[in-house]
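data-v9.txt follows (compact mmCIF, C-alpha atoms):
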```txt
# COMPACT_ATOMS: atom_id res chain seq x y z
CA MET A 225 -84.89 -158.16 -97.89
CA GLU A 226 -83.68 -160.93 -95.65
CA MET A 227 -83.37 -164.33 -97.33
CA ALA A 228 -83.22 -167.54 -95.23
CA ALA A 229 -80.37 -169.93 -96.00
CA GLN A 230 -82.83 -172.80 -96.67
CA PRO A 231 -86.09 -171.11 -97.75
CA SER A 232 -88.10 -174.35 -97.59
CA ASP A 233 -87.35 -174.72 -93.89
CA THR A 234 -88.32 -171.38 -92.42
CA LEU A 235 -91.08 -171.29 -89.86
CA ALA A 236 -93.13 -169.02 -92.10
CA THR A 237 -93.02 -171.30 -95.14
CA LEU A 238 -93.81 -174.35 -93.01
CA LYS A 239 -96.80 -172.54 -91.51
CA THR A 240 -98.04 -171.62 -94.96
CA GLU A 241 -97.64 -175.20 -96.14
CA SER A 242 -99.49 -176.44 -93.05
CA GLU A 243 -102.42 -174.09 -93.77
CA THR A 244 -102.47 -175.18 -97.43
CA LEU A 245 -102.50 -178.85 -96.44
CA LYS A 246 -105.30 -178.29 -93.91
CA THR A 247 -107.39 -176.61 -96.62
CA LYS A 248 -106.62 -179.45 -99.04
CA LEU A 249 -107.66 -181.99 -96.37
CA GLU A 250 -111.01 -180.24 -95.93
CA GLU A 251 -111.53 -180.03 -99.71
CA GLU A 252 -110.80 -183.74 -100.18
CA ARG A 253 -113.23 -184.60 -97.40
CA ALA A 254 -115.88 -182.23 -98.76
CA LYS A 255 -115.72 -183.76 -102.27
CA LEU A 256 -117.04 -187.03 -100.89
CA HIS A 257 -119.71 -185.44 -98.71
CA ASP A 258 -122.56 -186.26 -101.06
CA VAL A 259 -125.24 -187.02 -98.51
CA GLU A 260 -126.02 -186.99 -94.76
CA LEU A 261 -126.30 -190.21 -92.74
CA HIS A 262 -129.84 -189.42 -91.61
CA GLN A 263 -130.91 -188.96 -95.26
CA VAL A 264 -129.59 -192.44 -96.12
CA ALA A 265 -131.51 -193.71 -93.08
CA GLU A 266 -134.83 -192.11 -94.04
CA LYS A 267 -136.27 -195.38 -95.30
CA THR A 268 -135.19 -197.32 -92.19
CA GLU A 269 -138.02 -198.21 -89.87
CA ALA A 270 -138.30 -195.83 -86.93
CA LEU A 271 -137.62 -197.24 -83.47
CA GLY A 272 -140.49 -197.81 -81.08
CA GLN A 273 -140.82 -196.82 -77.45
CA PHE A 274 -138.06 -197.93 -75.13
CA ILE A 275 -138.71 -198.99 -71.60
CA MET A 276 -135.42 -199.08 -69.77
CA LYS A 277 -135.34 -198.92 -66.01
CA THR A 278 -132.81 -199.15 -63.24
CA ARG A 279 -132.70 -202.84 -62.36
CA ARG A 280 -129.87 -202.71 -59.82
CA THR A 281 -128.29 -199.95 -57.78
CA LEU A 282 -124.75 -200.60 -56.55
CA LYS A 283 -124.06 -198.64 -53.37
CA GLY A 284 -120.82 -198.61 -51.49
CA HIS A 285 -118.50 -195.95 -52.82
CA GLY A 286 -117.91 -193.06 -50.44
CA ASN A 287 -117.53 -190.47 -53.14
CA LYS A 288 -117.97 -189.78 -56.89
CA VAL A 289 -117.80 -192.83 -59.16
CA LEU A 290 -115.39 -191.97 -61.96
CA CYS A 291 -115.02 -195.09 -64.08
CA LEU A 292 -116.42 -198.58 -64.56
CA ASP A 293 -115.75 -201.65 -66.70
CA TRP A 294 -117.53 -204.96 -67.18
CA CYS A 295 -115.93 -208.36 -66.84
CA LYS A 296 -116.29 -210.68 -69.85
CA ASP A 297 -118.46 -212.94 -67.67
CA LYS A 298 -121.26 -210.34 -68.16
CA ARG A 299 -122.02 -210.09 -64.47
CA ARG A 300 -119.03 -208.59 -62.68
CA ILE A 301 -118.21 -204.91 -62.76
CA VAL A 302 -115.16 -203.02 -61.51
CA SER A 303 -115.61 -199.38 -60.53
CA SER A 304 -113.29 -196.69 -59.21
CA SER A 305 -113.97 -193.55 -57.25
CA GLN A 306 -112.70 -190.23 -55.97
CA ASP A 307 -112.61 -191.87 -52.56
CA GLY A 308 -109.58 -193.87 -53.67
CA LYS A 309 -111.39 -197.21 -53.71
CA VAL A 310 -111.70 -199.73 -56.49
CA ILE A 311 -114.60 -202.16 -56.01
CA VAL A 312 -115.47 -205.35 -57.88
CA TRP A 313 -119.22 -206.05 -57.83
CA ASP A 314 -121.41 -208.98 -58.77
CA ALA A 315 -124.06 -206.98 -60.64
CA PHE A 316 -126.67 -209.75 -60.45
CA THR A 317 -126.67 -209.88 -56.63
CA THR A 318 -125.19 -206.38 -56.00
CA ASN A 319 -122.64 -207.99 -53.63
CA LYS A 320 -119.15 -206.50 -53.38
CA GLU A 321 -116.59 -209.18 -54.11
CA HIS A 322 -113.33 -207.25 -53.74
CA ALA A 323 -112.27 -203.81 -52.60
CA VAL A 324 -108.88 -202.19 -52.98
CA THR A 325 -107.79 -198.92 -51.41
CA MET A 326 -105.48 -197.01 -53.71
CA PRO A 327 -102.72 -194.77 -52.34
CA CYS A 328 -104.30 -191.80 -54.12
CA THR A 329 -107.71 -190.22 -54.43
CA TRP A 330 -109.40 -189.61 -57.83
CA VAL A 331 -108.97 -193.05 -59.34
CA MET A 332 -110.07 -191.93 -62.79
CA ALA A 333 -109.48 -195.13 -64.68
CA CYS A 334 -110.17 -198.80 -64.16
CA ALA A 335 -110.39 -201.83 -66.41
CA TYR A 336 -111.11 -205.54 -66.12
CA ALA A 337 -108.56 -207.95 -67.59
CA PRO A 338 -109.90 -210.19 -70.39
CA SER A 339 -109.30 -213.30 -68.23
CA GLY A 340 -111.39 -211.82 -65.41
CA CYS A 341 -108.50 -212.53 -63.05
CA ALA A 342 -107.17 -209.02 -62.58
CA VAL A 343 -108.11 -205.35 -62.68
CA ALA A 344 -106.06 -202.30 -63.66
CA CYS A 345 -106.54 -198.82 -62.22
CA GLY A 346 -104.91 -195.46 -61.68
CA GLY A 347 -105.49 -191.73 -61.49
CA LEU A 348 -103.76 -188.93 -59.61
CA ASP A 349 -100.85 -191.25 -58.80
CA ASN A 350 -99.86 -190.91 -62.52
CA LYS A 351 -99.61 -194.69 -62.73
CA CYS A 352 -101.58 -197.66 -63.93
CA SER A 353 -101.34 -200.63 -61.57
CA VAL A 354 -102.59 -204.18 -61.99
CA TYR A 355 -104.14 -206.09 -59.08
CA PRO A 356 -104.62 -209.86 -59.48
CA LEU A 357 -108.01 -210.81 -58.02
CA SER A 358 -107.71 -213.42 -55.34
CA LEU A 359 -110.33 -216.08 -54.61
CA ASP A 360 -109.36 -215.80 -50.95
CA LYS A 361 -111.48 -212.97 -49.57
CA ASN A 362 -109.07 -212.48 -46.68
CA GLU A 363 -106.11 -211.82 -48.89
CA ASN A 364 -104.90 -208.26 -49.07
CA LEU A 365 -105.03 -207.44 -52.77
CA ALA A 366 -102.78 -204.42 -52.38
CA ALA A 367 -99.89 -206.72 -51.45
CA LYS A 368 -99.80 -208.23 -54.95
CA LYS A 369 -100.09 -204.91 -56.78
CA LYS A 370 -97.96 -204.48 -59.87
CA SER A 371 -97.08 -200.98 -61.11
CA VAL A 372 -97.15 -201.06 -64.90
CA ALA A 373 -97.45 -197.61 -66.45
CA MET A 374 -95.76 -194.37 -65.42
CA HIS A 375 -96.90 -191.07 -66.85
CA THR A 376 -95.88 -187.55 -65.90
CA ASN A 377 -99.45 -186.50 -65.17
CA TYR A 378 -102.74 -188.13 -64.16
CA LEU A 379 -103.94 -191.39 -65.72
CA SER A 380 -107.25 -190.66 -67.48
CA ALA A 381 -108.05 -194.05 -69.04
CA CYS A 382 -106.68 -197.55 -69.32
CA CYS A 383 -107.67 -200.72 -71.10
CA PHE A 384 -106.17 -204.16 -71.62
CA THR A 385 -105.54 -205.13 -75.22
CA ASN A 386 -106.70 -208.56 -76.32
CA SER A 387 -104.85 -210.32 -73.49
CA ASP A 388 -103.89 -209.74 -69.87
CA MET A 389 -100.34 -209.02 -71.08
CA GLN A 390 -100.61 -205.51 -72.48
CA ILE A 391 -102.27 -202.30 -71.31
CA LEU A 392 -103.03 -199.13 -73.22
CA THR A 393 -103.11 -195.88 -71.22
CA SER A 394 -103.95 -192.23 -71.77
CA SER A 395 -102.82 -189.36 -69.60
CA GLY A 396 -103.09 -185.72 -68.65
CA ASP A 397 -99.49 -185.50 -69.90
CA GLY A 398 -100.87 -185.43 -73.46
CA THR A 399 -99.70 -188.90 -74.49
CA CYS A 400 -101.00 -192.45 -74.78
CA ALA A 401 -98.80 -195.48 -74.31
CA LEU A 402 -98.77 -199.26 -74.69
CA TRP A 403 -97.16 -201.26 -71.87
CA ASP A 404 -96.06 -204.82 -71.22
CA VAL A 405 -97.70 -205.84 -67.93
CA GLU A 406 -95.08 -208.37 -66.86
CA SER A 407 -92.00 -206.14 -67.26
CA GLY A 408 -93.64 -202.71 -66.97
CA GLN A 409 -91.80 -201.75 -70.14
CA MET A 410 -93.26 -199.16 -72.49
CA LEU A 411 -93.73 -200.82 -75.89
CA GLN A 412 -94.95 -197.79 -77.83
CA SER A 413 -95.85 -194.19 -77.14
CA PHE A 414 -98.32 -192.03 -79.00
CA HIS A 415 -97.64 -188.32 -79.36
CA GLY A 416 -99.85 -185.85 -81.18
CA HIS A 417 -102.41 -184.41 -78.81
CA ALA A 418 -101.72 -180.82 -77.81
CA ALA A 419 -103.27 -181.16 -74.35
CA ASP A 420 -104.54 -183.76 -71.81
CA VAL A 421 -105.81 -186.98 -73.37
CA LEU A 422 -109.05 -187.87 -71.58
CA CYS A 423 -110.21 -191.11 -73.15
CA LEU A 424 -109.39 -193.99 -75.43
CA ASP A 425 -111.00 -197.07 -76.96
CA LEU A 426 -109.48 -200.10 -78.63
CA ALA A 427 -110.80 -201.10 -82.09
CA PRO A 428 -112.81 -204.34 -82.17
CA SER A 429 -110.32 -207.17 -82.65
CA GLU A 430 -111.40 -207.96 -86.22
CA THR A 431 -110.44 -204.48 -87.37
CA GLY A 432 -106.77 -204.68 -86.59
CA ASN A 433 -104.35 -202.90 -84.34
CA THR A 434 -105.72 -199.42 -83.91
CA PHE A 435 -107.25 -197.34 -81.15
CA VAL A 436 -108.91 -193.95 -80.89
CA SER A 437 -108.21 -191.24 -78.29
CA GLY A 438 -109.88 -187.93 -77.42
CA GLY A 439 -108.59 -184.92 -75.51
CA CYS A 440 -108.78 -181.41 -74.18
CA ASP A 441 -107.43 -180.16 -77.52
CA LYS A 442 -110.92 -180.96 -78.95
CA LYS A 443 -109.28 -183.52 -81.22
CA SER A 444 -109.83 -187.24 -81.63
CA CYS A 445 -107.01 -189.31 -83.12
CA VAL A 446 -106.87 -192.81 -84.56
CA TRP A 447 -103.50 -194.51 -83.94
CA ASP A 448 -101.62 -197.44 -85.45
CA MET A 449 -100.52 -199.42 -82.38
CA ARG A 450 -97.48 -200.95 -84.06
CA THR A 451 -95.90 -197.79 -85.48
CA GLY A 452 -97.16 -195.15 -83.05
CA GLN A 453 -98.38 -193.09 -85.98
CA CYS A 454 -101.58 -191.08 -85.90
CA VAL A 455 -103.40 -192.24 -89.03
CA GLN A 456 -106.48 -190.01 -88.91
CA SER A 457 -107.57 -187.06 -86.79
CA PHE A 458 -110.78 -185.11 -86.40
CA GLU A 459 -111.31 -181.65 -85.03
CA THR A 460 -115.01 -180.73 -85.13
CA HIS A 461 -115.93 -180.65 -81.42
CA GLU A 462 -116.01 -177.26 -79.74
CA SER A 463 -114.71 -178.38 -76.38
CA ASP A 464 -112.97 -181.20 -74.48
CA ILE A 465 -113.72 -184.73 -75.69
CA ASN A 466 -114.55 -186.81 -72.60
CA SER A 467 -115.33 -190.16 -74.16
CA VAL A 468 -114.70 -192.08 -77.40
CA ARG A 469 -116.17 -195.45 -78.38
CA TYR A 470 -115.91 -197.53 -81.54
CA TYR A 471 -119.01 -198.47 -83.49
CA PRO A 472 -119.31 -202.29 -83.24
CA SER A 473 -118.17 -202.87 -86.86
CA GLY A 474 -115.00 -200.88 -86.25
CA ASP A 475 -115.70 -198.60 -89.21
CA ALA A 476 -116.71 -195.59 -87.13
CA PHE A 477 -116.52 -194.16 -83.63
CA ALA A 478 -118.60 -191.85 -81.45
CA SER A 479 -117.36 -189.16 -79.11
CA GLY A 480 -118.99 -187.23 -76.25
CA SER A 481 -117.88 -183.72 -75.40
CA ASP A 482 -118.24 -180.79 -73.02
CA ASP A 483 -119.80 -178.97 -76.00
CA ALA A 484 -123.01 -180.90 -75.12
CA THR A 485 -122.93 -182.95 -78.33
CA CYS A 486 -122.07 -186.48 -79.29
CA ARG A 487 -120.72 -187.01 -82.80
CA LEU A 488 -120.19 -189.95 -85.12
CA TYR A 489 -117.07 -190.13 -87.32
CA ASP A 490 -116.84 -192.62 -90.17
CA LEU A 491 -113.26 -193.84 -90.67
CA ARG A 492 -113.57 -194.75 -94.35
CA ALA A 493 -115.23 -191.46 -95.32
CA ASP A 494 -112.72 -189.78 -92.99
CA ARG A 495 -115.23 -187.26 -91.63
CA GLU A 496 -117.93 -186.51 -89.10
CA VAL A 497 -121.20 -188.01 -90.36
CA ALA A 498 -123.66 -187.21 -87.57
CA ILE A 499 -124.16 -184.87 -84.61
CA TYR A 500 -126.42 -185.89 -81.73
CA SER A 501 -127.62 -182.72 -80.05
CA LYS A 502 -130.68 -180.80 -78.94
CA GLU A 503 -131.13 -177.16 -77.98
CA SER A 504 -132.38 -178.34 -74.60
CA ILE A 505 -129.17 -180.27 -73.91
CA ILE A 506 -126.64 -177.75 -72.66
CA PHE A 507 -124.49 -179.84 -70.35
CA GLY A 508 -121.49 -181.87 -71.43
CA ALA A 509 -121.64 -185.53 -72.39
CA SER A 510 -119.19 -187.42 -70.20
CA SER A 511 -119.49 -190.95 -71.51
CA VAL A 512 -120.83 -192.79 -74.58
CA ASP A 513 -121.38 -196.39 -75.66
CA PHE A 514 -123.23 -198.25 -78.45
CA SER A 515 -125.73 -201.08 -78.19
CA LEU A 516 -124.59 -204.34 -79.85
CA SER A 517 -125.97 -203.56 -83.32
CA GLY A 518 -124.72 -199.97 -83.23
CA ARG A 519 -128.26 -198.66 -83.69
CA LEU A 520 -128.46 -197.05 -80.24
CA LEU A 521 -125.95 -194.63 -78.72
CA PHE A 522 -126.16 -194.13 -74.97
CA GLY A 523 -124.78 -190.87 -73.59
CA GLY A 524 -124.27 -190.01 -69.93
CA TYR A 525 -124.44 -186.28 -69.28
CA ASN A 526 -123.44 -183.73 -66.66
CA ASP A 527 -127.13 -182.78 -66.20
CA TYR A 528 -127.61 -186.16 -64.44
CA THR A 529 -129.46 -187.77 -67.37
CA ILE A 530 -128.77 -190.48 -69.91
CA ASN A 531 -129.91 -189.73 -73.46
CA VAL A 532 -130.46 -192.59 -75.89
CA TRP A 533 -129.95 -191.71 -79.57
CA ASP A 534 -130.98 -193.40 -82.82
CA VAL A 535 -127.52 -193.50 -84.42
CA LEU A 536 -128.84 -193.64 -88.00
CA LYS A 537 -131.64 -191.08 -87.83
CA GLY A 538 -129.92 -188.71 -85.44
CA THR A 539 -132.93 -188.38 -83.16
CA ARG A 540 -133.23 -188.95 -79.42
CA VAL A 541 -135.35 -192.00 -78.61
CA SER A 542 -135.32 -191.89 -74.83
CA ILE A 543 -134.14 -189.92 -71.82
CA LEU A 544 -133.41 -191.78 -68.58
CA PHE A 545 -133.62 -190.19 -65.14
CA GLY A 546 -132.42 -191.65 -61.88
CA HIS A 547 -128.98 -190.42 -60.97
CA GLU A 548 -128.80 -187.54 -58.50
CA ASN A 549 -125.63 -186.03 -59.86
CA ARG A 550 -123.48 -186.07 -63.00
CA VAL A 551 -123.25 -189.33 -64.92
CA SER A 552 -119.51 -189.82 -65.29
CA THR A 553 -119.16 -193.25 -66.89
CA LEU A 554 -121.34 -195.64 -68.88
CA ARG A 555 -120.73 -199.10 -70.43
CA ILE A 556 -122.87 -201.70 -72.19
CA SER A 557 -122.52 -205.23 -70.83
CA PRO A 558 -120.51 -207.67 -73.00
CA ASP A 559 -123.64 -209.50 -74.19
CA GLY A 560 -125.60 -206.29 -74.70
CA THR A 561 -128.44 -207.19 -72.34
CA ALA A 562 -127.90 -204.23 -70.04
CA PHE A 563 -125.75 -201.18 -69.46
CA CYS A 564 -124.24 -199.73 -66.31
CA SER A 565 -123.80 -196.06 -65.43
CA GLY A 566 -121.65 -194.54 -62.70
CA SER A 567 -122.26 -191.15 -61.16
CA TRP A 568 -121.01 -188.39 -58.91
CA ASP A 569 -123.96 -189.41 -56.68
CA HIS A 570 -121.67 -192.26 -55.46
CA THR A 571 -123.75 -195.04 -57.05
CA LEU A 572 -123.77 -197.25 -60.10
CA ARG A 573 -127.01 -198.23 -61.81
CA VAL A 574 -127.61 -201.21 -64.07
CA TRP A 575 -130.33 -200.53 -66.66
CA ALA A 576 -132.22 -202.99 -68.85
CA MET B 75 -82.59 -171.83 -79.46
CA SER B 76 -86.38 -171.98 -79.42
CA GLY B 77 -86.51 -171.03 -83.11
CA SER B 78 -85.07 -174.32 -84.34
CA SER B 79 -87.23 -176.48 -82.07
CA ASN B 80 -90.30 -174.64 -83.40
CA ILE B 81 -89.15 -175.54 -86.91
CA VAL B 82 -88.70 -179.19 -85.93
CA ALA B 83 -92.20 -179.21 -84.43
CA MET B 84 -93.71 -177.53 -87.51
CA LYS B 85 -91.96 -180.02 -89.80
CA LYS B 86 -93.68 -182.84 -87.90
CA VAL B 87 -97.04 -181.09 -88.23
CA VAL B 88 -96.53 -180.66 -91.99
CA GLN B 89 -95.43 -184.30 -92.37
CA GLN B 90 -98.49 -185.51 -90.47
CA LEU B 91 -100.81 -183.34 -92.58
CA ARG B 92 -99.24 -184.63 -95.81
CA PHE B 93 -99.84 -188.18 -94.58
CA GLU B 94 -103.45 -187.49 -93.62
CA ALA B 95 -104.22 -185.63 -96.86
CA ASN B 96 -103.19 -188.66 -98.92
CA ILE B 97 -105.30 -191.41 -97.36
CA ASN B 98 -107.98 -193.18 -99.40
CA ARG B 99 -111.53 -192.08 -98.67
CA VAL B 100 -114.95 -193.32 -99.71
CA LYS B 101 -118.09 -191.30 -100.34
CA VAL B 102 -120.33 -190.62 -97.36
CA SER B 103 -123.23 -192.27 -99.24
CA GLN B 104 -121.30 -195.53 -99.41
CA ALA B 105 -119.99 -195.33 -95.83
CA ALA B 106 -123.45 -194.45 -94.49
CA ALA B 107 -125.05 -197.33 -96.38
CA GLU B 108 -122.58 -199.74 -94.80
CA LEU B 109 -123.21 -198.40 -91.28
CA GLN B 110 -126.95 -198.80 -91.86
CA GLN B 111 -126.45 -202.31 -93.27
CA PHE B 112 -124.50 -203.36 -90.17
CA CYS B 113 -127.29 -202.08 -87.89
CA ILE B 114 -129.98 -203.92 -89.81
CA GLN B 115 -128.02 -207.17 -90.02
CA ASN B 116 -127.38 -207.20 -86.28
CA ALA B 117 -130.67 -205.76 -85.06
CA LEU B 118 -132.16 -209.07 -83.96
CA GLN B 119 -129.07 -209.90 -81.89
CA ASP B 120 -129.26 -206.59 -80.01
CA PRO B 121 -131.15 -207.24 -76.74
CA LEU B 122 -131.48 -203.56 -75.80
CA LEU B 123 -132.97 -202.85 -79.21
CA THR B 124 -135.39 -205.75 -79.41
CA GLY B 125 -136.29 -205.73 -75.74
CA VAL B 126 -135.41 -209.06 -74.20
CA SER B 127 -138.14 -210.60 -72.10
CA SER B 128 -137.82 -211.12 -68.34
CA SER B 129 -137.31 -214.83 -68.72
CA THR B 130 -134.09 -214.43 -70.68
CA ASN B 131 -132.64 -211.16 -69.37
CA PRO B 132 -130.83 -211.86 -66.09
CA PHE B 133 -131.18 -208.28 -64.97
CA ARG B 134 -134.90 -208.11 -65.49
CA THR B 135 -135.60 -211.16 -63.33
CA GLN B 136 -136.44 -209.67 -59.96
CA LYS B 137 -136.27 -213.03 -58.23
CA VAL B 138 -132.49 -213.09 -57.94
CA CYS B 139 -131.76 -212.38 -54.32
CA SER B 140 -129.19 -214.02 -52.12
CA PHE B 141 -128.87 -213.49 -48.40
CA LEU B 142 -125.60 -214.62 -46.91
```
Is it possible to give me this structure as structure tokens?
Amino acid sequence: MEMAAQPSDTLATLKTESETLKTKLEEERAKLHDVELHQVAEKTEALGQFIMKTRRTLKGHGNKVLCLDWCKDKRRIVSSSQDGKVIVWDAFTTNKEHAVTMPCTWVMACAYAPSGCAVACGGLDNKCSVYPLSLDKNENLAAKKKSVAMHTNYLSACCFTNSDMQILTSSGDGTCALWDVESGQMLQSFHGHAADVLCLDLAPSETGNTFVSGGCDKKSCVWDMRTGQCVQSFETHESDINSVRYYPSGDAFASGSDDATCRLYDLRADREVAIYSKESIIFGASSVDFSLSGRLLFGGYNDYTINVWDVLKGTRVSILFGHENRVSTLRISPDGTAFCSGSWDHTLRVWA
Amino acid sequence: MSGSSNIVAMKKVVQQLRFEANINRVKVSQAAAELQQFCIQNALQDPLLTGVSSSTNPFRTQKVCSFL
């Protein structure tokens, strides 16, 4: 019988240990699974009827809208499209305030800087670039472009941290990274996903320096931004995770997946605590976001609809029609008075 | 040799699992109660939940229209 020189280090023993640890992880989680969230919420008052309509339609993109983000001023929105354009809109008036043509098509990610003075975007160019927004409408924004992040595959998501100085990115290369905007230097990288990372969300500032990511490996990971360590991971979805969003308290997050479900994971219980699904919903959820109190979860789906879920009870409270193709991106406004959805039908809609 | 890089990769997986297995967890009943509490405490400040009237929601006011 062949004996390895260091028995504890053979591939076989490590694999066995990994299986044992995975089982132990599930057992530890199961011990604390004493009740379901919707059971705890049984005594909560049910929600009434919701009347939410499209209040504004933003037209101007020449192809699929892939991403959007709100400015902190609660009225401006930046959106990016397969047509290579990034547009800044005044959502109250529907006027376009700025437009940038990117050197690539499929601009999958865009984000507004906290100051409102710049936007970041990227996609098939494998980069994340920052464009300062000029008050002079005649100025060519592309001239002041600053390349910040460089990945080895497409940029899937980007977001500024609490200042204009740092950007967090996720990529088809399977990693996330934190960058210094001024120098373009990578401050930290995050390795752990086994396939393309499709989405990320920063924890609310009160909760500390963490963020969550989701990917094609069906896994969502919570990361410590300072150390680069993955501190928690969840693997209950059955397909790609397209969108992740923190619950407003920072103690949980929701994810939307190609498996046609949205799920809620509580970080202190370290497990999935709710699934938002219906037999009639068979198309993937592309984008999710919470209302300000966390009671409502909005999901944009590939069947062109937006489903609104009661987060506590697990039931659907509304279904919104209007888009004429997949809903690809969805965000609540900073003051929670409205939300905006972007679609493959080339438009954005503001609902309230 | 691919064998040793597989071992290095597996060691990282095992280390990560050890780390994750040892974190502190609370019962779902407690976590769920806190999620519910947060919702209730913030319900009145959630415009999409309470339904803000036209006079205070800038998007519901249809009168905003500027022609340049």
With 7 Å as the cut-off and all atoms listed in the file counted, what is the closest atom pair between each nearby residue of chain A and chain B? Distances in Å to one decimal, ordered by chain and number, as JSON lines.
```
{"residue": "A:Thr234", "atom": "CA", "partner": "B:Ile81", "partner_atom": "CA", "distance": 7.0}
{"residue": "A:Leu235", "atom": "CA", "partner": "B:Ile81", "partner_atom": "CA", "distance": 5.5}
{"residue": "A:Leu238", "atom": "CA", "partner": "B:Met84", "partner_atom": "CA", "distance": 6.4}
{"residue": "A:Glu241", "atom": "CA", "partner": "B:Val88", "partner_atom": "CA", "distance": 6.9}
{"residue": "A:Ser242", "atom": "CA", "partner": "B:Val88", "partner_atom": "CA", "distance": 5.3}
{"residue": "A:Leu245", "atom": "CA", "partner": "B:Leu91", "partner_atom": "CA", "distance": 6.2}
{"residue": "A:Lys246", "atom": "CA", "partner": "B:Leu91", "partner_atom": "CA", "distance": 6.9}
{"residue": "A:Lys248", "atom": "CA", "partner": "B:Ala95", "partner_atom": "CA", "distance": 7.0}
{"residue": "A:Leu249", "atom": "CA", "partner": "B:Ala95", "partner_atom": "CA", "distance": 5.0}
{"residue": "A:Leu256", "atom": "CA", "partner": "B:Lys101", "partner_atom": "CA", "distance": 4.4}
{"residue": "A:His257", "atom": "CA", "partner": "B:Val102", "partner_atom": "CA", "distance": 5.4}
{"residue": "A:Asp258", "atom": "CA", "partner": "B:Val102", "partner_atom": "CA", "distance": 6.1}
{"residue": "A:Val259", "atom": "CA", "partner": "B:Ser103", "partner_atom": "CA", "distance": 5.7}
{"residue": "A:Leu261", "atom": "CA", "partner": "B:Ala106", "partner_atom": "CA", "distance": 5.4}
{"residue": "A:Val264", "atom": "CA", "partner": "B:Ala106", "partner_atom": "CA", "distance": 6.7}
{"residue": "A:Ala265", "atom": "CA", "partner": "B:Gln110", "partner_atom": "CA", "distance": 6.9}
{"residue": "A:Arg279", "atom": "CA", "partner": "B:Phe133", "partner_atom": "CA", "distance": 6.2}
{"residue": "A:Phe316", "atom": "CA", "partner": "B:Phe133", "partner_atom": "CA", "distance": 6.6}
{"residue": "A:Thr317", "atom": "CA", "partner": "B:Cys139", "partner_atom": "CA", "distance": 6.1}
{"residue": "A:Val455", "atom": "CA", "partner": "B:Glu94", "partner_atom": "CA", "distance": 6.6}
{"residue": "A:Gln456", "atom": "CA", "partner": "B:Glu94", "partner_atom": "CA", "distance": 6.1}
{"residue": "A:Arg492", "atom": "CA", "partner": "B:Arg99", "partner_atom": "CA", "distance": 5.5}
{"residue": "A:Ala493", "atom": "CA", "partner": "B:Val100", "partner_atom": "CA", "distance": 4.8}
{"residue": "A:Asp494", "atom": "CA", "partner": "B:Arg99", "partner_atom": "CA", "distance": 6.2}
{"residue": "A:Ser515", "atom": "CA", "partner": "B:Leu122", "partner_atom": "CA", "distance": 6.7}
{"residue": "A:Leu516", "atom": "CA", "partner": "B:Asp120", "partner_atom": "CA", "distance": 5.2}
{"residue": "A:Ser517", "atom": "CA", "partner": "B:Asn116", "partner_atom": "CA", "distance": 4.9}
{"residue": "A:Gly518", "atom": "CA", "partner": "B:Cys113", "partner_atom": "CA", "distance": 5.7}
{"residue": "A:Arg519", "atom": "CA", "partner": "B:Cys113", "partner_atom": "CA", "distance": 5.5}
{"residue": "A:Leu536", "atom": "CA", "partner": "B:Gln110", "partner_atom": "CA", "distance": 6.7}
{"residue": "A:Gly560", "atom": "CA", "partner": "B:Pro121", "partner_atom": "CA", "distance": 6.0}
{"residue": "A:Thr561", "atom": "CA", "partner": "B:Pro121", "partner_atom": "CA", "distance": 5.2}
{"residue": "A:Ala562", "atom": "CA", "partner": "B:Leu122", "partner_atom": "CA", "distance": 6.8}
{"residue": "A:Ala576", "atom": "CA", "partner": "B:Phe133", "partner_atom": "CA", "distance": 6.6}
```
Problem - 9 Å contact set for Asp404 (chain A), all atoms listed in the file, chain neighbours under 2 positions out, as an MDAnalysis selection string - result: chainID A and resid 372:373 389:391 402 406:411
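We find CA of Ile543 (chain A) and CA of Gly284 (chain A) to be spaced 25.8 Å apart.
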Practice task
Grab the CA of Val331 (chain A) to CA of Leu348 (chain A) distance for me, in Å with one decimal place.
Solution key: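 Going from CA of Val331 (chain A) over to CA of Leu348 (chain A), I get 6.6 Å.
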Handout entry: Distance criterion (only C-alpha atoms): nearest to Val302 (chain A) out of A:Pro327, A:Val535, A:Leu271, A:Cys341
Key =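 Going through A:Pro327, A:Val535, A:Leu271, A:Cys341 one by one, the smallest distance to Val302 (chain A) is for A:Cys341.
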Fill in the blank from the handout: One decimal place gives the CA of His547 (chain A)-CA of Val289 (chain A) separation as 11.6 Å
Exercise for the section: Do a neighbour search on region 498-507 of chain A at 9 Å with all atoms listed in the file, toss out local chain neighbours closer than 6 positions, and write the hits as JSON, numbers by chain. Expected result: {"A": [260, 261, 262, 482, 483, 484, 485, 486, 487, 488, 489, 525, 526, 527, 533, 534, 535, 536, 537, 538, 539, 540]}
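Within 7 Å of the point (-96.4, -190.6, -77.3) in file coordinates, and counting all atoms listed in the file, lie the residues Thr399, Cys400, Ala401, Ser413, Phe414 and His415 of chain A.
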Practice task
Using all atoms listed in the file, determine which residues lie at most 7 Å from region 555-558 of chain A, disregarding the query and same-chain residues fewer than 4 positions distant; provide the list as a list in words.
Solution key: Asp293, Trp294, Lys296, Lys298, Asp513, Ser515, Ala562, Phe563, Cys564 and Ser565 of chain A
How would the residues just picked look written out with C-alpha atoms as an mmCIF file, in the coordinates of the input?
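Listed below is the output, again-v2.cif:
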```cif
data_model
loop_
_atom_site.group_PDB
_atom_site.id
_atom_site.type_symbol
_atom_site.label_atom_id
_atom_site.label_comp_id
_atom_site.auth_asym_id
_atom_site.auth_seq_id
_atom_site.Cartn_x
_atom_site.Cartn_y
_atom_site.Cartn_z
ATOM 1 C CA ASP A 293 -115.750 -201.650 -66.700
ATOM 2 C CA TRP A 294 -117.530 -204.960 -67.180
ATOM 3 C CA LYS A 296 -116.290 -210.680 -69.850
ATOM 4 C CA LYS A 298 -121.260 -210.340 -68.160
ATOM 5 C CA ASP A 513 -121.380 -196.390 -75.660
ATOM 6 C CA SER A 515 -125.730 -201.080 -78.190
ATOM 7 C CA ALA A 562 -127.900 -204.230 -70.040
ATOM 8 C CA PHE A 563 -125.750 -201.180 -69.460
ATOM 9 C CA CYS A 564 -124.240 -199.730 -66.310
ATOM 10 C CA SER A 565 -123.800 -196.060 -65.430
#
```
